[in-house]
Each structure stands twice: as structure tokens, then as C-alpha cells.
Amino acid sequence: MSSEDTFVNTLQALRNLSDEDRDRREQAQCDIGEWQKTPGFCNLLEQIIRRATDPKDIKITLVVFRKTVSRFWSGYDGYEIPLPEKEQIRASLLSLLMTCGNNKQVVKEIVYMLTVVVYHEFPHNWPSALTDVSTLIQSPEPEVRIKGLRLLSSFLRAFFDLGVVVTRNINLPKTEELNTCISQQAPAMFSILATLWLESNSALLEQLSHVLQGQAWDANILETAGTQCTLSMRILWIIFSYFLKNLQEANESATGQFFLGIGKMLEASISCIQVFQERKLDIPGTKNYLASVVLRIIQLLNCTQSNQPMAFLPYLQFYLDFFLQEFFKARLLTRDESQFEFQEKYYVAVITFLTDVISASDYHILEEDEVTPATQIIRKFFNGDTIQDITRIIVSKYFILTPEWASDWEEEPEQFLDNEMSDLSASCLNPATELFFWWTVRINLEHGPKIGKFLLEAITSGSHPEHSIPPVLYQESLYHAYAVCGDQLKGQDFFLKQFCLEHVQSRFGNMHVMVKRRVADIIQHWSSEVLEEFGSWGYETLLRCFSEDDLVTRVAAAQGLKVVLEELDMNNLQYYKYIGQSVEAIVALANDMDGGPITVSVLDIVKDVVGSLKESIRPVAMDLLEVLKRLWGLSKKKKMVLCTITQILAKFVAGLIGSPIEFETPLISFLTEILEKRQSSPALLEDGLVLWWRIVDQAAFISPKMGSLFSYLPHVLDENDGDSRVTQSCLNILTCYVLNGKYGFFTKNFSEIMMLLSMCLGNSHKNSIVVSVVEFLKICVRMFPKEVAKFKDALTSLMFLFVGDDCPLPKHVEDRSSASCIGSLFFELALDHTEFFFAFMNELPKIQLEDAVNPFASDIGNPTYHFLSVFLDIVEPEEYVVLQSERITLQGLCKFLEINDSQMFSLHPKIIQQCYWTLEDIRKKNHDSTGAFRNKNALIEGSPGHRALEQLLQRPMKSSKETFHSQIRACVSKFGMNWVSELQKVLDDNVFQAIAQVFQQNEQTENVNK
């Protein structure tokens, strides 16, 4: 076939990938899958891209090209692109990037492929990669510069795992090596990028200043200077975050000038935004661009300071001064302002920088007398007067509710709560300010009295700084500030007592509900020490908040109650008297929910309160169940609400003392509906299974209603797609059915029980599942010892899991919990059901362990051997007593080794070694403080231990002489010379002479001869 025919056929196959005909589409996928593993295919794709005129052809070819490079550049999936072709592809991609025009999608695909190439070839096969890309960035053509910036940004983001994902080859250079290579070139890249960024941003700001003077706006400048500025700042952010120290070492002066330069750019950009807002100018794209410039500069400063605080120290004073001034400039924000979004993001960025600085551990004072440059700067800016000013600005500007929020509170409280709860992340202004204020107080506790005095005087005086702020909103803000920092002021007893017992208690009845809500917040934020002292007052105050008609205040009271219940001892008679009212209040709050936006949040609080109250919830439990039933009916299509209700029910049942039989009807009604609709919501099913487990676990017996649910278990397991959490829950439920249903349930449902066990093992071979199955079998064997023969099939499945190809143990065995658990089960069977155990073991087919878990067992063909070797290797001697309730002793181990001796196969030296270690460890436990045997019969001639050793040591060896020597050497190394005399009693002359040779090799001949 000619090259032209190949070109045409390949192009047609690429087009068929999107063909409506399924057969043609699948054939094309098959053909291309084969061609991808053929040398020269990538070069053919490049020709198609260059010659194609239809954008669709170019698009699909680029996608296939990208997937081919991504999969096969590093040898993934069994094929690696040949080295000569790689060099051609690299050159072709660079050429394509230069000639592909400005189509963003095309550029994106080529940039990603080149990212893969650089990622794998730098530094060994393409040492000049970063230099070559930097050359593109210095091109006089803006289009080429932008493409170079995109490529460098993509590579650095891939290397530092910042959103660009590349399949990594294990043969790639280590991270440390790449880090070193990049750090060496970081100063050169910084020089190029810093110059480009400053020039681009200056050009744009200059153009904006011309517009303000009445000149025309150049619409193309955002596509050139704006894009260059954005991309270069993104790369600089990465370089500064990781390599600031390298930059300073290379050229400290240039680095310092850059930081001062971006500070001036930041001021200029902010001023420009303010002018545009004042004049109400709207130039397309400029507002968003300027906002992004400002936020990106602060992000660069913040990340640099957070990642390398000590390297940032030379610039700390300048930016602390700048950002504190910006913090103090804040004005009240309103939701109806067009610039609100930028204002909020800007002040969040400013506050985040200040918070990160003040909380940086590198800047903290390590010793009381120690003074460092960092502590000097922190002390200078965060002195007593500044902290008081910060507190004043926070309560008068940042914590003040906007008129819109206050209106929402009064008219749509659910919407207000939903908005507030959705703004809990540190990227929102209120949480960011709370965190800054908390840290400000936290690291300046010596100024705590000044903060406390300011807040208390402002609260008690009733004054407010600006007449434009309604007094109630100012009071709400003051209480908010106290709620945030109150736990840090816990040592100031005078303040707490005066505030709580005198001010709040005397004025609570006349407070506005907005302020009462903050009183509940204060109690929620208190530490356990404060709650212990003011617990009764806190309880009474929360209950008074519950009595309000305001939903926001009642939700705050519920959050406070949750904390109080977690912190205080509910058995304390001082607090026990409040439990009844608390339960009624929380149930009433849940009853007022209608399935709206805050229902889940409120129910989450109810769930925690119910979990804390436990048995105390019983008197009003039926009322709670009725409320939850009503909410369930209102929220049929709201899966999160249904899940939370189910979690509340599980907490309720788990907290009860004794059987929940009196609540069985409503509980099983909930559960039945969950099981009937199990396929529509996997998350709800998981919560429902936990509820089911709790119900059966708490039951004193299996009632007919609970018994009727048992038939759902096979369906749940059969529909499970391998989720180990579902399998584990089903095992928990099955175990509880057998424990509480006892012999009657076991015999009636035996076949179903065994089927369920088989399904559990089939669904998952995870260690936790195997262990749970084994524990279940242990329970059954102990509860029904006469029925042990019925478990033969289940034991066979476990044995095959233990030694077969599907063994759940990892090859480099780190987590051996399942093997240890199975070993202990079989050991128990061998001791208590000897005849059954060996009959069962002898009936097993021989298993050829070509790839056994234990490397020393590769030549063993019988599972008895493997069981014994792994068991002795895994179960530590000190665990015997725990595992077998003190029944396994030295004699117990020897009894096992003596059992059915004719059936035991020749033993591997590893087993002998493990037996030595095991017997010696047990023997050591029989020594008293003088070294004498507690049990003098432990190893004397004729004792079970002596006979066991004799039988073991006289067995034929399945190993070479050298292997045996190494095993004996290891034993002697561990046990010392005392063991030689013990061994001589039971070893024949040939074996003992072999041991003597080992000792001679270790230059211990003299001791052996003795």
C-alpha cells in the first residue's frame, strides 16, 4: 500500500470515530488502537494535521495524537515509541506549535503533548528543554511569546502537581533531581518573566490612563499584554513559591526590586479600579482583568510567604504595612453594589495574608527573652494600640451585617441561614475575618485585657461609632467579636463574670433576637473550662434562646446545646435537670423544618444532640420519630435529608440501653422503605444498613418483623458492585442475627447463612472482609460446637483464599491480619475439634503453590504445611494467650505438633526455626526472676515439649545442607548457647555434627565443644 493510500485510510478511520454507525465506529477504534502501537503512526498524524482543511479532521486527529503520545511515550501499555521517532515528534510538535495559529483548542492540545515530552525527556534526553522554551518567551512576536508561556506554565504545573496530570513513568528522574535542575534555571526564568510581566502590566495601565484622559481604548491590548501578564504571573507564582531562596542567592537585588515593583503595580491597579468605579466606566474586560491582576499579585505574595516565610522576611515589613493600611481602609459592604464580588475577594485576600503572617510558626517567639528580626517586625505592627484598632475596625466594618442580610434575617430566616452556612469557608469574608481576629488575640494574649475592656465598654455603653449603623447591628457585631475570641479570654475571670452574670443575665429579656443569637454563639465557642464554671447559666440561657420565635436564634441555641452536651458530664446532677427541656426543644426545632434548604444542617445538629443524649432521649422518642416521619414524607426526592434522618435513627438506636422493641414498628417502617428503594440511592442504602445493624445488635431476640427483613440481605449483596462498606455492613447484620437469634435462627436459616458468607467473600477479598468472615465462623463454632462439620465448605473457601491464586495477602506481606485470623481459627479447630480438623485437611486437594505468599513455601504442595508455617510465622507467641483465652500453652503447641503424626508431612527448616523460636519464647515466660524454670517439666526428657522437639528435629529435611546450616545459625544467634545443651539431648549424632560445623564457621568451636 502506498503512503498516500495509508494517509487516506487513516484519515477515514479517524472520521469514522464519530460515525453514527456503531460497527464502523468500533472498527475504527480497533484499527487505530492497533496503529497506535506501530512505528511512524505519530508522524502520519502530524501530516494529517498539516494537510487537513476541515477543522473537525484536525480536532479528532489532535485528540488521537495526544492520547498516543500520553500512553506510549513512556512505554505504558506494553509499547514505547522508538527513540528516533521521539526526536522527530519533538521537533514536529514544536514546529506545529509555531505554525498552528491562534486557535486556543489546537494550541492547548499541542502544549499538552509537549508537556508530556518535556516531563519525560528533561533533563537527561532534552537538557535544554527549559532554555528552549525560554527562548520562545523572548520572541519579538507576541503570539510566539504567549505560546511559550503556555508551555512553560503547563510543564511546571504538571511537575508540581497543580492541575496538569501526566502519566508518570517509574524510570523518570527522581523528584529531587528534577527539583535541582529546575532550581538551577529558576533565576534565568525569573529574569525573563519578571521583565515581561512588568512591561506588559505597565503597558496596560498606561493604556487605561490614556482612556481616562479621553483617548480611545485599544481592544487588542488585553489579548496581548493582558494574556502575557496573566501567564507570566502564574509561572512567577510557582517559581516564587518553591525557589525564592535560589533567586535571592543568585541576585538578591533584582528579587527585592521585583517585590517592590509588584507592590507599586498593586497600588496602581487598585487605584485604577477605584477610579473606574467612581466614574462608572465600563470598558469590556478591563474590570475583570484588573481584579484578576490584583488578586494574583496577593496570591503570589501569600503563597511565597506561606511556603518560604524566612526567605520572604526581607519584604515582610513593607507588605505588612501596606496590607494593614488596606485593612483599615475597609468600608461597609452592601450586596447591591456591582463591585461587591471584587471587594469581598480583595478584602479576603488582604485578611488571609495578615492571618498567614501572624500565624506563621517561623515568626513566633520561641523563648520569652528571644528576639529575632521576625518577632521584632510582628511586635512593631501588632502592638497594643494596633490590636485595639483592629478590634474596633472589625466590629464596626467587617462583622456588621449588611442591610440586605438583616432584611433576609427578618423576612426569610431560612434563606439567611442557608446563605450564612454556605459562606463558612475561609474564602468568604466573615470566616476569614473571624480567623484573623482569633489569631490576633491568640498570639497577643498579653493585650487580652485591653481587647476585653474595649468590647465590654462598647457593649455596656450602648454607643456606636457611626450613626449610619443601626445600634442593634453594632451590638450584634460586638457580641460576634466576643464569641470569636471569648475562649482566648478565659483566664480573665472578672471579665467573664461581669459579662455573663451581670450584663447578659440582667439584660437578656430586653435584648434584640439578633443579639440573643450571638449570646448562644458565645456559649458555643466557650472552652470546657469555662463551661464547667458557667454550665448552669449556659444551659438556662440556651433554653431561653430556644423559647424565642426567631428561627436563626433557635438554630444558634441548638448549635450551642450540641457543644454543651459534648463538653459537660450529663451524669452530673447539676446539669441533669435540664435534659428533659433540651430534648423537647431540639425535637420542636426539628418539627419546624419543612424540607427546605437548611433542613439538612439543622438535622445534622439534631443528630449530634441525639448521639450525646443517648438513653435520655427515650421519654420523647416517639415524638422524635413522628417528626422524622413527617420530614421523611416531605423530602422523598431529597436524598441528603433522607440520609441524615437515617443517621439520626441509627444514633438514636445505638444510644439506647436495652432493646428498642417498643420502637420496632416505626423503625422497621423506615428501614423497609430504604431497602425497597435501595437501587435508587447507594448512599441512603449504606446509612440504612448501619441502621439495620444497630437495630438487630440492640435486640434481645429476633422478632418476626426483624426476621422478615432477613430476606433482603441476599438481594443487597447480589446487587452490590464490590463496595466493601456494603459487604462489611451485611456481615455485621448477619453476625447480629446469629448472636441474637441463637440456635433456632441458625438451624432454620443455615443454608442462607452459608450462601451469604460465600457472597461476602465473592464480593471482596479485602483483609477486613476476610477477617470479619473468620470472626463470624469463630462465633458459630463456639456457639454451636456440635454443628462444626457443617462449616466444611466455608472453611474450604477460606483455605483456598489463604493459599490460592486469589490470596488477599499482598506479595510483600505487611498487613497479615486475615492470615493471622484464619490461622488462629484453624488452630482452635485443631485443639478443640481435632478429629474433624484433620479429616477436613486430608480431604483437601493438593495445591501447587507456584507463587506462594511466603517465599520459603514455594516447594510445598499441601495446605497443612502452608497453614502451619504461616501461622507460626505470623501469630506471635504473646498473642496465643489472648487469642485462645489462656488455653494455648507450651503443652498446647506440642499437642498440636503431635496430633495425627502420621499425617504430618516432612517439615521445611523454616518451620523448625519458627518452632524453636516459639518454644523458646514460651519457655522464657516460664522463668522466674532467678532464671529457674517455673514449670520444671517444660523441657525435661519425656515431657510433651521434649517429645515435640525430638519429633521435629528428627524429621527428614526438605532442603540443602547449606540452607539447613543457615536456619540453625539463625536459631543459635537468637537463642544463645543455652540451647546447645538442650538440642544435644534430642538430636542424633549426624545432625549435631552438622550444627557443630556451623559453629566452627562462626568461630564458636570452643563453646560448642563444651
# chains A, B, ... in the order shown; residues from 1 in each chain; ligands from 1

$ residues_around --residues "stretch 346-359 of chain A" --least-positions-apart "3" --cutoff "7 Å" --atoms "only C-alpha atoms" --output "NGL selection string"
:A and (295 or 298 or 302 or 306 or 323 or 327 or 342-343 or 427-429 or 432-433 or 436 or 439)

$ residues_around --residues "stretch 729-742 of chain A" --least-positions-apart "6" --cutoff "10 Å" --atoms "only C-alpha atoms" --output "ChimeraX atom specification"
/A:686-703,706-707,710,713-714,716-717,749-750,753,756-757,760,769,772-773,775-777,779-780,783-784

$ atom_distance --atom1 "atom CA of A:Gln728" --atom2 "atom CA of A:Ser768"
7.9 Å

$ residues_around --residues "stretch 193-209 of chain A" --least-positions-apart "6" --cutoff "6 Å" --atoms "only C-alpha atoms" --output "list in words"
Ala225, Cys229 and Ser232 of chain A

$ closest_residue --among "A:Pro314, A:Thr391, A:Phe381, A:Pro373" --to "A:Thr255" --atoms "only C-alpha atoms"
A:Pro314

$ residues_around --residues "A:Glu177" --least-positions-apart "6" --cutoff "12 Å" --atoms "only C-alpha atoms" --output "list in words"
Phe122, Pro123, His124, Ser183 and Gln184 of chain A

$ residues_around --residues "A:Asp389" --least-positions-apart "3" --cutoff "12 Å" --atoms "only C-alpha atoms" --output "JSON, numbers by chain"
{"A": [324, 325, 327, 328, 329, 381, 382, 383, 384, 385, 386, 392, 393, 394, 395, 396, 397, 437, 440, 450, 451, 454, 455]}

$ residues_around --residues "A:Val133" --least-positions-apart "3" --cutoff "7 Å" --atoms "only C-alpha atoms" --output "ChimeraX atom specification"
/A:129-130,136-137,148,152
